[in-house]
Every structure is written in C-alpha cells, then in structure tokens.
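Enquirer: Supplied structure: structure25.txt, compact mmCIF, C-alpha atoms and all ligand atoms.
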```txt
# COMPACT_ATOMS: atom_id res chain seq x y z
CA MET P 36 46.73 -94.23 -7.85
CA LEU P 37 46.14 -91.07 -5.77
CA LYS P 38 48.91 -89.96 -3.50
CA ALA P 39 48.69 -88.40 -0.02
CA SER P 40 47.64 -84.89 0.88
CA GLY P 41 50.10 -82.78 -1.15
CA HIS P 42 48.25 -83.47 -4.46
CA MET P 43 44.74 -82.78 -3.23
CA PRO P 44 42.61 -80.21 -4.93
CA SER P 45 41.99 -77.36 -2.49
CA ARG P 46 38.26 -77.04 -3.35
CA LEU P 47 37.45 -80.53 -2.12
CA GLY P 48 35.34 -80.84 1.06
CA PHE P 49 37.15 -81.72 4.29
CA ALA P 50 35.65 -85.25 4.59
CA ALA P 51 36.48 -86.13 0.97
CA ARG P 52 40.05 -84.82 1.45
CA LEU P 53 40.43 -87.14 4.42
CA GLY P 54 38.99 -90.05 2.42
CA LEU P 55 41.60 -89.49 -0.30
CA SER P 56 44.48 -89.70 2.17
CA PRO P 57 46.09 -93.16 2.56
CA ARG P 58 47.63 -91.87 5.83
CA PHE P 59 44.15 -91.14 7.14
CA HIS P 60 43.09 -94.68 6.13
CA ALA P 61 46.06 -96.11 8.03
CA PHE P 62 45.26 -93.91 11.04
CA CYS P 63 41.59 -95.05 11.08
CA ALA P 64 42.65 -98.70 10.88
CA ARG P 65 44.54 -98.25 14.18
CA VAL P 66 42.08 -96.20 16.25
CA LEU P 67 39.22 -97.85 18.10
CA GLY P 68 35.85 -96.32 17.04
CA LEU P 69 37.28 -95.02 13.76
CA LYS P 70 38.25 -98.60 12.90
CA HIS P 71 34.58 -99.65 13.00
CA ILE P 72 33.47 -96.73 10.84
CA ALA P 73 36.20 -97.53 8.31
CA ARG P 74 35.20 -101.18 8.21
CA ALA P 75 31.52 -100.32 7.74
CA GLU P 76 32.51 -97.91 4.93
CA GLY P 77 34.59 -100.63 3.32
CA ARG P 78 31.71 -103.09 3.57
CA ALA P 79 29.29 -100.57 2.03
CA LEU P 80 31.75 -99.82 -0.75
CA PHE P 81 32.20 -103.53 -1.42
CA ASP P 82 28.41 -103.94 -1.77
CA VAL P 83 28.45 -101.20 -4.41
CA VAL P 84 31.37 -102.86 -6.20
CA SER P 85 29.85 -106.36 -6.13
CA GLY P 86 26.11 -105.66 -6.41
CA PHE P 87 25.86 -106.99 -9.97
CA VAL P 88 27.26 -110.37 -8.90
CA GLN P 89 24.68 -110.62 -6.11
CA SER P 90 21.89 -109.94 -8.61
CA GLN P 91 23.20 -112.54 -11.05
CA ALA P 92 23.50 -115.15 -8.28
CA LEU P 93 19.88 -114.42 -7.35
CA LEU P 94 18.83 -114.78 -10.99
CA ALA P 95 20.57 -118.17 -11.23
CA LEU P 96 18.81 -119.38 -8.05
CA VAL P 97 15.50 -118.24 -9.56
CA GLU P 98 16.10 -119.80 -12.97
CA PHE P 99 17.15 -123.10 -11.36
CA ARG P 100 14.03 -122.81 -9.14
CA VAL P 101 16.11 -123.64 -6.06
CA MET P 102 13.97 -121.60 -3.64
CA HIS P 103 10.75 -122.89 -5.21
CA ARG P 104 11.85 -126.50 -4.69
CA LEU P 105 12.84 -125.82 -1.09
CA THR P 106 9.24 -124.79 -0.29
CA ASP P 107 8.49 -128.55 -0.28
CA GLY P 108 11.17 -129.17 2.35
CA PRO P 109 14.96 -129.34 2.74
CA LEU P 110 17.10 -130.92 0.01
CA SER P 111 20.65 -132.18 -0.31
CA LEU P 112 23.27 -130.61 -2.58
CA GLY P 113 23.08 -133.75 -4.74
CA ASP P 114 19.31 -133.41 -5.23
CA ILE P 115 19.53 -129.72 -6.10
CA ALA P 116 22.48 -130.24 -8.46
CA ALA P 117 20.58 -133.08 -10.16
CA PHE P 118 17.33 -131.23 -10.82
CA ALA P 119 19.20 -128.10 -11.96
CA ARG P 120 21.54 -130.21 -14.10
CA VAL P 121 24.56 -128.36 -12.69
CA PRO P 122 27.80 -130.11 -11.61
CA ALA P 123 27.61 -130.52 -7.82
CA GLU P 124 30.85 -128.62 -7.15
CA ARG P 125 29.53 -125.59 -9.09
CA MET P 126 26.11 -125.77 -7.47
CA ALA P 127 27.84 -125.77 -4.07
CA VAL P 128 29.29 -122.34 -4.92
CA LEU P 129 25.89 -120.98 -5.91
CA LEU P 130 24.18 -122.37 -2.80
CA GLN P 131 26.89 -120.89 -0.59
CA ALA P 132 26.30 -117.52 -2.30
CA GLY P 133 22.53 -117.91 -1.73
CA ALA P 134 23.26 -118.59 1.94
CA ALA P 135 25.45 -115.49 2.14
CA LEU P 136 22.54 -113.51 0.69
CA ARG P 137 20.37 -115.12 3.43
CA LEU P 138 17.95 -116.59 0.87
CA ILE P 139 18.69 -120.19 1.86
CA ARG P 140 20.71 -121.86 4.61
CA ARG P 141 22.44 -125.17 5.31
CA ARG P 142 21.51 -127.14 8.43
CA GLY P 143 22.36 -130.77 9.19
CA GLY P 144 23.76 -131.32 5.71
CA LEU P 145 20.56 -130.18 3.96
CA TRP P 146 19.58 -126.91 2.31
CA HIS P 147 16.55 -125.02 3.72
CA LEU P 148 14.54 -121.97 2.67
CA THR P 149 14.98 -118.90 4.92
CA THR P 150 12.34 -116.29 5.81
CA ARG P 151 13.96 -113.92 3.30
CA GLY P 152 13.91 -116.56 0.57
CA ALA P 153 10.26 -117.28 1.33
CA ALA P 154 9.46 -113.53 1.27
CA PHE P 155 11.14 -113.28 -2.14
CA LEU P 156 8.79 -115.95 -3.51
CA THR P 157 5.75 -114.33 -1.87
CA VAL P 158 6.10 -110.67 -2.88
CA PRO P 159 3.78 -110.34 -5.87
CA GLY P 160 5.61 -109.76 -9.14
CA LEU P 161 9.12 -109.78 -7.65
CA GLU P 162 10.17 -113.00 -9.31
CA ALA P 163 8.83 -111.80 -12.67
CA MET P 164 10.72 -108.51 -12.24
CA VAL P 165 13.98 -110.38 -11.54
CA ARG P 166 13.40 -112.61 -14.57
CA HIS P 167 13.05 -109.59 -16.87
CA HIS P 168 16.25 -107.97 -15.55
CA PRO P 169 18.53 -109.59 -18.17
CA VAL P 170 17.17 -106.99 -20.60
CA LEU P 171 18.41 -104.12 -18.39
CA TYR P 172 21.61 -106.01 -17.64
CA ARG P 173 22.40 -106.24 -21.36
CA ASP P 174 21.60 -102.55 -21.77
CA LEU P 175 24.12 -101.69 -19.06
CA SER P 176 26.88 -103.99 -20.30
CA ASP P 177 28.74 -100.95 -21.68
CA PRO P 178 27.78 -98.31 -19.10
CA VAL P 179 30.05 -95.65 -20.58
CA ALA P 180 28.38 -95.88 -23.98
CA PHE P 181 24.98 -96.18 -22.27
CA PHE P 182 25.38 -92.97 -20.26
CA ARG P 183 26.77 -91.17 -23.30
CA GLY P 184 23.56 -92.09 -25.08
CA GLU P 185 25.45 -94.06 -27.73
CA THR P 186 23.48 -97.32 -27.36
CA GLN P 187 20.04 -98.49 -28.43
CA PRO P 188 18.67 -99.94 -25.17
CA GLU P 189 16.60 -103.08 -25.53
CA LEU P 190 14.39 -102.04 -22.61
CA ALA P 191 12.79 -99.36 -24.76
CA GLY P 192 11.26 -102.10 -26.93
CA PHE P 193 10.13 -104.06 -23.89
CA TRP P 194 7.57 -101.38 -22.97
CA PRO P 195 6.19 -100.34 -26.37
CA TYR P 196 3.35 -98.17 -25.05
CA VAL P 197 5.68 -95.45 -23.83
CA PHE P 198 6.39 -94.38 -27.40
CA GLY P 199 2.74 -93.64 -28.01
CA ALA P 200 -0.55 -95.45 -28.09
CA GLY P 201 0.33 -97.04 -31.45
CA GLY P 202 3.19 -98.95 -29.81
CA ALA P 203 0.72 -100.95 -27.74
CA ALA P 204 -1.62 -101.93 -30.55
CA ASP P 205 -0.49 -105.56 -30.41
CA PRO P 206 -2.72 -107.31 -27.83
CA ALA P 207 -0.17 -110.08 -27.15
CA LEU P 208 2.55 -107.54 -26.37
CA ALA P 209 0.13 -105.46 -24.31
CA ALA P 210 -0.84 -108.58 -22.35
CA ARG P 211 2.84 -109.30 -21.56
CA TYR P 212 3.59 -105.91 -20.03
CA SER P 213 0.17 -105.58 -18.41
CA GLU P 214 0.69 -108.89 -16.61
CA LEU P 215 4.07 -107.82 -15.26
CA MET P 216 2.56 -104.54 -14.12
CA ALA P 217 -0.51 -106.14 -12.53
CA ASP P 218 1.61 -108.75 -10.72
CA SER P 219 3.84 -106.08 -9.23
CA GLN P 220 0.87 -103.85 -8.33
CA GLY P 221 0.20 -105.63 -5.01
CA LEU P 222 2.70 -103.72 -2.86
CA VAL P 223 2.18 -100.48 -4.81
CA ALA P 224 -1.58 -100.55 -4.17
CA ALA P 225 -1.12 -101.38 -0.49
CA ASP P 226 1.39 -98.56 0.02
CA THR P 227 -0.58 -96.03 -2.04
CA LEU P 228 -3.71 -96.71 0.00
CA GLY P 229 -1.64 -96.40 3.18
CA LEU P 230 -0.13 -93.07 2.10
CA ALA P 231 -3.11 -91.32 0.49
CA ASP P 232 -6.50 -91.07 2.16
CA LEU P 233 -9.00 -91.91 -0.61
CA SER P 234 -12.00 -92.21 1.73
CA LYS P 235 -13.59 -88.99 0.42
CA ALA P 236 -13.45 -90.07 -3.24
CA ARG P 237 -16.97 -90.63 -4.60
CA ARG P 238 -15.90 -91.28 -8.18
CA LEU P 239 -12.27 -92.22 -8.76
CA MET P 240 -10.69 -92.53 -12.21
CA ASP P 241 -7.37 -94.41 -12.52
CA VAL P 242 -5.61 -93.07 -15.61
CA GLY P 243 -3.10 -95.54 -17.07
CA GLY P 244 -4.67 -98.05 -14.70
CA GLY P 245 -3.61 -101.09 -16.76
CA THR P 246 -5.85 -104.07 -16.21
CA GLY P 247 -7.44 -102.63 -13.06
CA ALA P 248 -5.29 -104.12 -10.27
CA PHE P 249 -5.11 -100.80 -8.39
CA LEU P 250 -8.85 -100.11 -8.85
CA ALA P 251 -9.65 -103.57 -7.51
CA ALA P 252 -7.71 -102.68 -4.34
CA VAL P 253 -9.45 -99.29 -4.11
CA GLY P 254 -12.83 -100.98 -4.60
CA ALA P 255 -12.14 -103.37 -1.73
CA ALA P 256 -10.92 -100.61 0.60
CA HIS P 257 -13.67 -98.09 -0.26
CA PRO P 258 -16.91 -99.95 -0.98
CA ALA P 259 -18.94 -96.80 -1.74
CA ALA P 260 -16.66 -95.33 -4.43
CA GLU P 261 -17.60 -95.50 -8.10
CA LEU P 262 -14.60 -96.44 -10.23
CA VAL P 263 -13.42 -95.59 -13.74
CA LEU P 264 -10.53 -97.29 -15.54
CA PHE P 265 -8.83 -95.37 -18.36
CA ASP P 266 -6.09 -97.03 -20.40
CA LEU P 267 -5.18 -97.92 -23.98
CA PRO P 268 -7.68 -99.97 -26.01
CA ALA P 269 -5.23 -102.92 -26.32
CA VAL P 270 -4.82 -103.03 -22.54
CA VAL P 271 -8.24 -102.61 -20.88
CA PRO P 272 -10.11 -105.71 -22.14
CA ALA P 273 -8.26 -107.91 -19.62
CA ALA P 274 -9.73 -105.79 -16.80
CA ASN P 275 -13.25 -107.21 -17.33
CA ALA P 276 -12.31 -110.60 -15.90
CA ARG P 277 -10.54 -109.04 -12.91
CA PHE P 278 -13.51 -106.80 -12.02
CA ALA P 279 -15.99 -109.66 -12.50
CA ALA P 280 -13.91 -111.93 -10.21
CA ALA P 281 -13.73 -109.17 -7.57
CA GLY P 282 -17.50 -108.58 -7.76
CA LEU P 283 -16.82 -105.03 -8.96
CA ALA P 284 -18.27 -105.22 -12.47
CA GLY P 285 -21.31 -103.11 -11.51
CA ARG P 286 -19.20 -100.36 -9.94
CA VAL P 287 -16.54 -99.89 -12.63
CA LYS P 288 -16.73 -98.12 -15.94
CA ILE P 289 -13.98 -98.97 -18.40
CA VAL P 290 -13.00 -96.23 -20.83
CA PRO P 291 -10.50 -97.20 -23.55
CA GLY P 292 -8.46 -94.31 -24.89
CA SER P 293 -5.13 -92.53 -25.03
CA PHE P 294 -4.32 -89.50 -22.90
CA ARG P 295 -2.13 -88.33 -25.78
CA ASP P 296 -5.06 -88.12 -28.17
CA GLY P 297 -7.48 -85.73 -26.48
CA ALA P 298 -9.37 -84.84 -23.34
CA LEU P 299 -9.82 -87.27 -20.45
CA PRO P 300 -13.39 -88.19 -19.49
CA ALA P 301 -14.91 -85.79 -16.93
CA GLY P 302 -16.97 -86.78 -13.89
CA ALA P 303 -14.40 -88.12 -11.43
CA ASP P 304 -13.64 -86.10 -8.28
CA THR P 305 -10.35 -87.99 -7.80
CA ILE P 306 -7.87 -89.00 -10.51
CA THR P 307 -5.01 -91.37 -9.75
CA LEU P 308 -1.81 -91.74 -11.77
CA VAL P 309 -0.06 -94.83 -10.48
CA ARG P 310 3.37 -95.52 -12.03
CA VAL P 311 2.41 -93.49 -15.09
CA LEU P 312 4.37 -90.21 -15.04
CA TYR P 313 7.86 -91.76 -14.80
CA ASP P 314 7.34 -93.55 -18.11
CA HIS P 315 7.14 -90.28 -20.00
CA ALA P 316 9.09 -87.21 -21.07
CA ASP P 317 8.42 -83.86 -19.40
CA SER P 318 6.39 -82.56 -22.36
CA THR P 319 4.03 -85.58 -22.25
CA VAL P 320 3.68 -85.31 -18.46
CA ALA P 321 2.97 -81.57 -18.62
CA ALA P 322 0.20 -82.17 -21.19
CA LEU P 323 -1.20 -85.11 -19.20
CA LEU P 324 -1.34 -83.13 -15.94
CA ARG P 325 -3.12 -80.31 -17.74
CA SER P 326 -5.68 -82.86 -19.09
CA VAL P 327 -6.15 -84.22 -15.58
CA PHE P 328 -6.70 -80.68 -14.28
CA GLU P 329 -9.30 -80.00 -17.00
CA ALA P 330 -11.11 -83.28 -16.29
CA LEU P 331 -11.47 -82.60 -12.55
CA PRO P 332 -14.19 -80.42 -10.99
CA ILE P 333 -13.36 -77.53 -8.62
CA GLY P 334 -12.37 -79.26 -5.37
CA GLY P 335 -11.14 -82.32 -7.29
CA ARG P 336 -7.92 -84.09 -6.36
CA VAL P 337 -5.09 -85.78 -8.22
CA VAL P 338 -2.98 -88.51 -6.63
CA VAL P 339 0.42 -89.34 -8.15
CA SER P 340 1.98 -92.57 -6.89
CA GLU P 341 5.31 -93.93 -8.12
CA PRO P 342 8.92 -94.43 -7.00
CA MET P 343 10.47 -90.95 -6.74
CA SER P 344 14.01 -89.64 -6.81
CA GLY P 345 15.33 -88.45 -3.46
CA GLY P 346 16.28 -85.12 -5.12
CA ASP P 347 18.60 -83.25 -2.75
CA ARG P 348 18.83 -86.37 -0.59
CA PRO P 349 19.64 -89.08 -3.16
CA ASP P 350 17.93 -92.36 -2.43
CA PRO P 351 20.06 -95.51 -2.88
CA ALA P 352 17.07 -97.43 -4.26
CA THR P 353 15.22 -95.01 -6.51
CA ASP P 354 18.16 -92.89 -7.70
CA VAL P 355 20.09 -95.92 -8.86
CA TYR P 356 17.58 -98.56 -9.94
CA PHE P 357 14.57 -96.57 -11.13
CA SER P 358 16.49 -93.57 -12.52
CA VAL P 359 18.73 -95.83 -14.61
CA TYR P 360 15.78 -98.05 -15.54
CA THR P 361 13.70 -95.13 -16.83
CA LEU P 362 16.76 -93.73 -18.63
CA ALA P 363 17.12 -97.08 -20.44
CA MET P 364 13.46 -96.84 -21.44
CA GLN P 365 14.51 -93.65 -23.27
CA THR P 366 11.31 -91.71 -22.77
CA GLY P 367 10.93 -91.78 -19.01
CA ARG P 368 12.43 -90.05 -16.00
CA THR P 369 12.35 -90.77 -12.29
CA ARG P 370 11.35 -87.41 -10.83
CA SER P 371 11.64 -86.15 -7.28
CA ALA P 372 8.57 -85.09 -5.31
CA ALA P 373 9.73 -81.47 -5.75
CA GLU P 374 9.80 -81.86 -9.54
CA ILE P 375 6.36 -83.48 -9.61
CA THR P 376 5.02 -80.75 -7.34
CA ALA P 377 6.40 -78.07 -9.67
CA MET P 378 4.79 -79.75 -12.70
CA LEU P 379 1.46 -79.99 -10.85
CA ALA P 380 1.69 -76.29 -9.99
CA ALA P 381 2.40 -75.46 -13.64
CA ALA P 382 -0.77 -77.38 -14.61
CA GLY P 383 -2.82 -75.21 -12.20
CA PHE P 384 -2.95 -77.43 -9.11
CA VAL P 385 -2.55 -76.15 -5.53
CA ASN P 386 -2.27 -77.58 -1.99
CA MET P 387 0.33 -80.16 -2.89
CA THR P 388 1.24 -82.74 -0.24
CA PHE P 389 4.13 -85.22 -0.31
CA CYS P 390 3.85 -88.56 1.49
CA HIS P 391 7.29 -90.17 1.54
CA GLY P 392 6.90 -93.91 0.97
CA PHE P 393 7.39 -96.44 3.78
CA ARG P 394 9.27 -98.31 1.07
CA PRO P 395 10.43 -95.64 -1.41
CA TYR P 396 11.47 -98.41 -3.84
CA VAL P 397 7.79 -99.39 -4.01
CA THR P 398 6.18 -95.97 -4.16
CA SER P 399 5.76 -92.47 -2.72
CA VAL P 400 2.76 -90.21 -3.17
CA VAL P 401 2.15 -86.57 -4.13
CA THR P 402 -1.42 -85.21 -4.03
CA ALA P 403 -2.81 -81.88 -5.22
CA GLU P 404 -6.15 -80.10 -5.63
CA ARG P 405 -7.92 -78.10 -8.27
CA LEU P 406 -9.42 -75.06 -6.52
CA LYS P 407 -10.39 -72.86 -9.49
C1 LIG G 1 10.21 -115.98 12.71
C2 LIG G 1 11.53 -115.56 12.15
C3 LIG G 1 12.59 -116.57 12.07
C4 LIG G 1 11.79 -114.33 11.74
C5 LIG G 1 10.81 -113.26 11.63
C6 LIG G 1 11.47 -112.06 11.10
C7 LIG G 1 10.50 -111.29 10.30
C8 LIG G 1 9.49 -110.45 11.00
C9 LIG G 1 10.60 -111.35 8.97
C10 LIG G 1 9.70 -110.62 8.04
C11 LIG G 1 9.34 -111.51 6.88
C12 LIG G 1 8.53 -110.73 5.92
C13 LIG G 1 7.08 -110.66 6.08
C14 LIG G 1 9.19 -110.12 4.91
C15 LIG G 1 8.56 -109.31 3.92
C16 LIG G 1 9.33 -108.76 2.97
C17 LIG G 1 8.83 -107.92 1.91
C18 LIG G 1 7.42 -107.53 1.86
C19 LIG G 1 9.73 -107.54 0.97
C20 LIG G 1 9.42 -106.74 -0.15
C21 LIG G 1 10.36 -106.48 -1.08
C22 LIG G 1 10.03 -105.76 -2.26
C23 LIG G 1 10.93 -105.53 -3.28
C24 LIG G 1 12.33 -106.00 -3.19
C25 LIG G 1 10.45 -104.79 -4.43
C26 LIG G 1 11.15 -104.63 -5.58
C27 LIG G 1 10.52 -103.94 -6.65
C28 LIG G 1 11.01 -103.83 -7.92
C29 LIG G 1 12.32 -104.41 -8.32
C30 LIG G 1 10.18 -103.13 -8.88
C31 LIG G 1 10.48 -102.90 -10.14
C32 LIG G 1 9.51 -102.18 -10.94
C33 LIG G 1 9.69 -101.82 -12.23
C34 LIG G 1 10.90 -102.17 -12.99
C35 LIG G 1 8.62 -101.10 -12.86
C36 LIG G 1 8.62 -100.72 -14.12
C37 LIG G 1 7.47 -99.93 -14.61
C38 LIG G 1 7.84 -98.98 -15.71
C39 LIG G 1 8.16 -99.69 -16.99
C40 LIG G 1 8.98 -98.03 -15.33
O1 LIG G 1 6.68 -98.21 -15.92
C1 LIG G 2 3.82 -98.61 -15.83
S1 LIG G 2 2.23 -99.01 -16.33
C2 LIG G 2 1.33 -98.80 -14.83
C3 LIG G 2 0.04 -99.54 -14.79
C4 LIG G 2 -0.67 -99.44 -13.46
N1 LIG G 2 -1.05 -98.09 -13.16
C5 LIG G 2 0.22 -100.02 -12.38
O1 LIG G 2 0.78 -99.28 -11.59
O2 LIG G 2 0.35 -101.25 -12.35
C6 LIG G 2 1.72 -97.60 -17.27
C7 LIG G 2 0.34 -97.71 -17.84
O3 LIG G 2 0.07 -96.53 -18.57
C8 LIG G 2 -0.64 -96.91 -19.73
N2 LIG G 2 -0.48 -95.90 -20.79
C9 LIG G 2 0.66 -95.57 -21.44
N3 LIG G 2 0.43 -94.64 -22.36
C10 LIG G 2 -0.90 -94.38 -22.29
C11 LIG G 2 -1.74 -93.48 -22.99
N4 LIG G 2 -1.25 -92.72 -23.96
N5 LIG G 2 -3.05 -93.41 -22.64
C12 LIG G 2 -3.54 -94.21 -21.65
N6 LIG G 2 -2.78 -95.06 -20.95
C13 LIG G 2 -1.49 -95.15 -21.27
C14 LIG G 2 -0.02 -98.23 -20.12
O4 LIG G 2 -0.82 -98.99 -21.02
C15 LIG G 2 0.16 -98.88 -18.78
O5 LIG G 2 -0.96 -99.64 -18.42
```
Turn this file's structure into structure tokens for me.
Expert:
Amino acid sequence: MLKASGHMPSRLGFAARLGLSPRFHAFCARVLGLKHIARAEGRALFDVVSGFVQSQALLALVEFRVMHRLTDGPLSLGDIAAFARVPAERMAVLLQAGAALRLIRRRGGLWHLTTRGAAFLTVPGLEAMVRHHPVLYRDLSDPVAFFRGETQPELAGFWPYVFGAGGAADPALAARYSELMADSQGLVAADTLGLADLSKARRLMDVGGGTGAFLAAVGAAHPAAELVLFDLPAVVPAANARFAAAGLAGRVKIVPGSFRDGALPAGADTITLVRVLYDHADSTVAALLRSVFEALPIGGRVVVSEPMSGGDRPDPATDVYFSVYTLAMQTGRTRSAAEITAMLAAAGFVNMTFCHGFRPYVTSVVTAERLK
C-alpha cells in the first residue's frame, strides 16, 4: 500500500503525484466538480479491472444463444433457463449482467433484445470473432509469463499462414480462417472505401485478399475497375464462387501465389494490403512493401488498411486488443501510422497520407505513391 506524499518519487509528474496521494483522493471526494471527475475516473478504472468478466458474460450469452432467441420476441426467465439448460437462479445473474451491458433488457417480466444486442448480431463476423476469443483468453491466462515470452500461445496455431505459405497448405484449415476473415471484412471494406478514394484505380490488385470479400466491395463501388486477387493457393479457390455470385467473374483475375516466394504480378496501378501487414514481422513487411513497389508503375499507389496503434497517442482499442492479439500470434505487430509510413518510405514510396479510421478498431488507412 502506498503512503501519502512523503514517499513519492520526485521525478513523477504532478498529476500522477496527486493520484498517488490518499489525502488528495479524500479532498476530491469532498469538493463539488472534483467529486465528479474522481467518480468518472473510478468508473473508468473499474471497467479496466473488470473488462474480462464483461467479455466472458458476453461469450456465455452468445453460446447460450440468448440474443438469437430474443430476435423471435420476448421470453421469460424460465424459457431462457430451460433452453440453455441452466438453473434459473444462475441464468437470472447472467441476464442481469446482459442487461447491465445493455445487450438485453427486462420489461413487464419478460426479457427483450435491445438495439445494442441486435447490432451485435448484425455486425458481420462479430459473433464469430467473439466465439474464437477463448483461444486468446487461454493464451492470456498467465499474463506475466505471456509478456515475458515464456508461453507457447495457441493463437499462433490458429492462423497457420503467418508462419509461411506452407502453413496454409491444408485447404480445410485455410477455409476456416478465410471464412472468419471474409465474415469480418464487411465493416473493414466499408471503412476502407470511405477513407481511401479508389475512384482513379483502373486495375486494382488486392494482395493477401483472402477469398475476395474486399474486391467484391471494390467491384460494386467502382464498376469500371479491373480487379486482381493475389493470395495463397490454398485460399483463393473459394473466391470463384463469391465473384460468380457478385457477377464479377469477368472482371477479376485470380493469381495464386506467395508474396514470400518471389515477385508480385505487375500491371496494377493500385495495390491494396488489407489486414495483411500486421500479421507479419518487420523483415517480412519490408520485403513485401519492396515487392509492391516493384510491381507498381510510376504513378502507382499502395493502400494499407488495418487497425493501427495510436503511437504517441495510445488508442484504448487498438493498443490493447490488436497489439496483444498480434503479439500472441508471435509473428505479427500492430504498427502505428508513423511506423507504416516509415516502412513505406524505406521501400521507396513518397506522398504518404494517413486517414485515421472513423472506427480505429475496424481500420485506418495509409496510402503512398511510387513516383520514380
Ligand atoms: C431507435 C432507438 C431506440 C435507438 C436508436 C439509437 C441508434 C441510432 C442506435 C444505432 C444502432 C446501430 C446501427 C448500431 C451499430 C453498431 C455497429 C455497427 C457496431 C459495430 C461494432 C464493431 C465491433 C465491435 C468490431 C469488433 C471487431 C473485432 C473484435 C475484430 C477483430 C479482428 C481480428 C481479431 C482480426 C484478426 C486478423 C489477424 C489474424 C490479426 O490477421
Ligand atoms: C488477416 S488475412 C486478411 C484477408 C483479407 N485481406 C481481409 O482483410 O479479410 C491475411 C491474408 O493474407 C494472406 N497471406 C498470408 N501470407 C501470404 C503470402 N505469403 N502470400 C500471399 N498471401 C498471404 C492470408 O492467406 C490471408 O488471406
């Protein structure tokens, strides 16, 4: 337990010194104005302390399919407890937690879905993301050992392609991660298209484009653009059905390959890298950006879209969730826009622009040009 002012290190900032002082806490609790700030700070701190319980309560609601069932109309505690096969008194605790998280609410003795609960079910890929979180949760069960690098995180095995093209040779495994990626691509594609103007692209190649979900969105938004999908041979076959269904088959060329194994195909004036760089180590990213540079013509443009670290202004979403997530993957890193810009410059690019995401936890965008 820290004691009042006398023991405080002199090199601490003024605000932190105040925060360490129980007398200052007591003073704030008495003074109008300061009291509200102190309470808000306490509330924010409690959210940090209890966040993992909120996530686990959400996971239980998802696994019991409580919100799904409520889309058909309100239900009683007894009904919900019965279909989930949970004792009613325990289910009451979970439902109360769900109400506190504003995912469901109780009215007239029945449980109803809220707008937030409905949004949760509607956001593409969100439910699947939550259902794969137990892997990360297990990896973080001993956070001290995890941050010391003394554990073997399970998440690394969940995304086999990041260790090299060979890791994704199994089509069943490739299908599993491609599906999760494609499902969660909806918001990423919408935000990327909102942040980066792709209207001048005549031929756009999406490198690491998975099963073509982003290209399908580009094709719909820019009907004149020719499209190229480049991804691993185990991944791209599933794109054929998507492009056929979207009426894009005639406009898309699919090129199977690995960006680790040689040059990228030339011919595109715009190359997109959507949620690709943060999977990989700096050396892989440096080589990939150089390949992208070589594949583009003079005047060509690269568009990097992914969740980015806040850098000097740490972002509560990306610098906790994505930075820890990519650390658990072992090969990846959540970079700031400044770091990505520096890597683009090292590859020869100029005229970098940064478009801070409307929802940084979905994506932000950095673009750059090849001018010589
Ligand atoms: C009429 C009344 C009563 C009220 C109206 C009020 C109103 C206007 C409500 C708005 C309702 C509405 C439309 C809500 C919409 C909400 C949305 C769009 C929410 C979106 C949330 C998105 C979230 C939480 C996204 C989370 C993304 C995650 C967790 C992504 C994880 C991605 C990973 C792990 C990727 C891994 C890839 C790898 C492996 C690193 O390469
Ligand atoms: C995180 S996923 C992103 C997929 C898609 N761009 C999206 O945002 O939904 C990364 C993609 O990079 C691909 N990838 C990984 N290593 C690759 C390599 N060496 N060559 C080509 N693609 C690769 C993966 O197969 C996967 O589809």
Enquirer: Just want the 12 Å neighbourhood of stretch 64-81 of chain P, counted on only C-alpha atoms, with same-chain residues fewer than 6 positions away dropped. Output as a ChimeraX atom specification.
Expert: /P:53-54,57-58,87-89,351
Enquirer: Return as a list in words the residues of protein, DNA or RNA that approach ligand LIG 2 (chain G) to within 6 Å, with only C-alpha atoms and all ligand atoms taken into account.
Expert: Tyr196, Val197, Gly199, Ala200, Met216, Ala217, Gln220, Gly243, Gly244, Gly245, Asp266, Leu267, Val270, Gly292, Ser293, Phe294, Arg295, Val309, Arg310 and Val311 of chain P
Enquirer: Residues up to 6 Å from ligand LIG 1 (chain G), counting all atoms listed in the file: could you list those as a ChimeraX atom specification?
Expert: /P:150,154,158,161,164,310,314,361,397
Enquirer: In Å, with one decimal, what is the gap from atom CA of P:Gly345 to atom CA of P:Asn386?
Expert: 20.7 Å
Enquirer: Enter the distance from atom CA of P:Arg286 to atom CA of P:Pro268, in Å, rounded to one decimal.
Expert: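 Spanning atom CA of P:Arg286 to atom CA of P:Pro268 is a straight-line distance of 19.8 Å.
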Enquirer: For P:Phe118, find every residue with an atom within 9 Å (counting all atoms listed in the file), except residues of its own chain fewer than 4 positions away, and show them as a list of chain:residue names.
Expert: P:Phe99, P:Gly113, P:Asp114
Enquirer: Anything within 12 Å of (10.7, -112.0, -10.9): list those residues as a VMD selection string, counting all atoms listed in the file and sticking to the file's coordinates.
Expert: chain P and resid 90 93 to 98 100 155 to 169 214 to 216 218 to 219
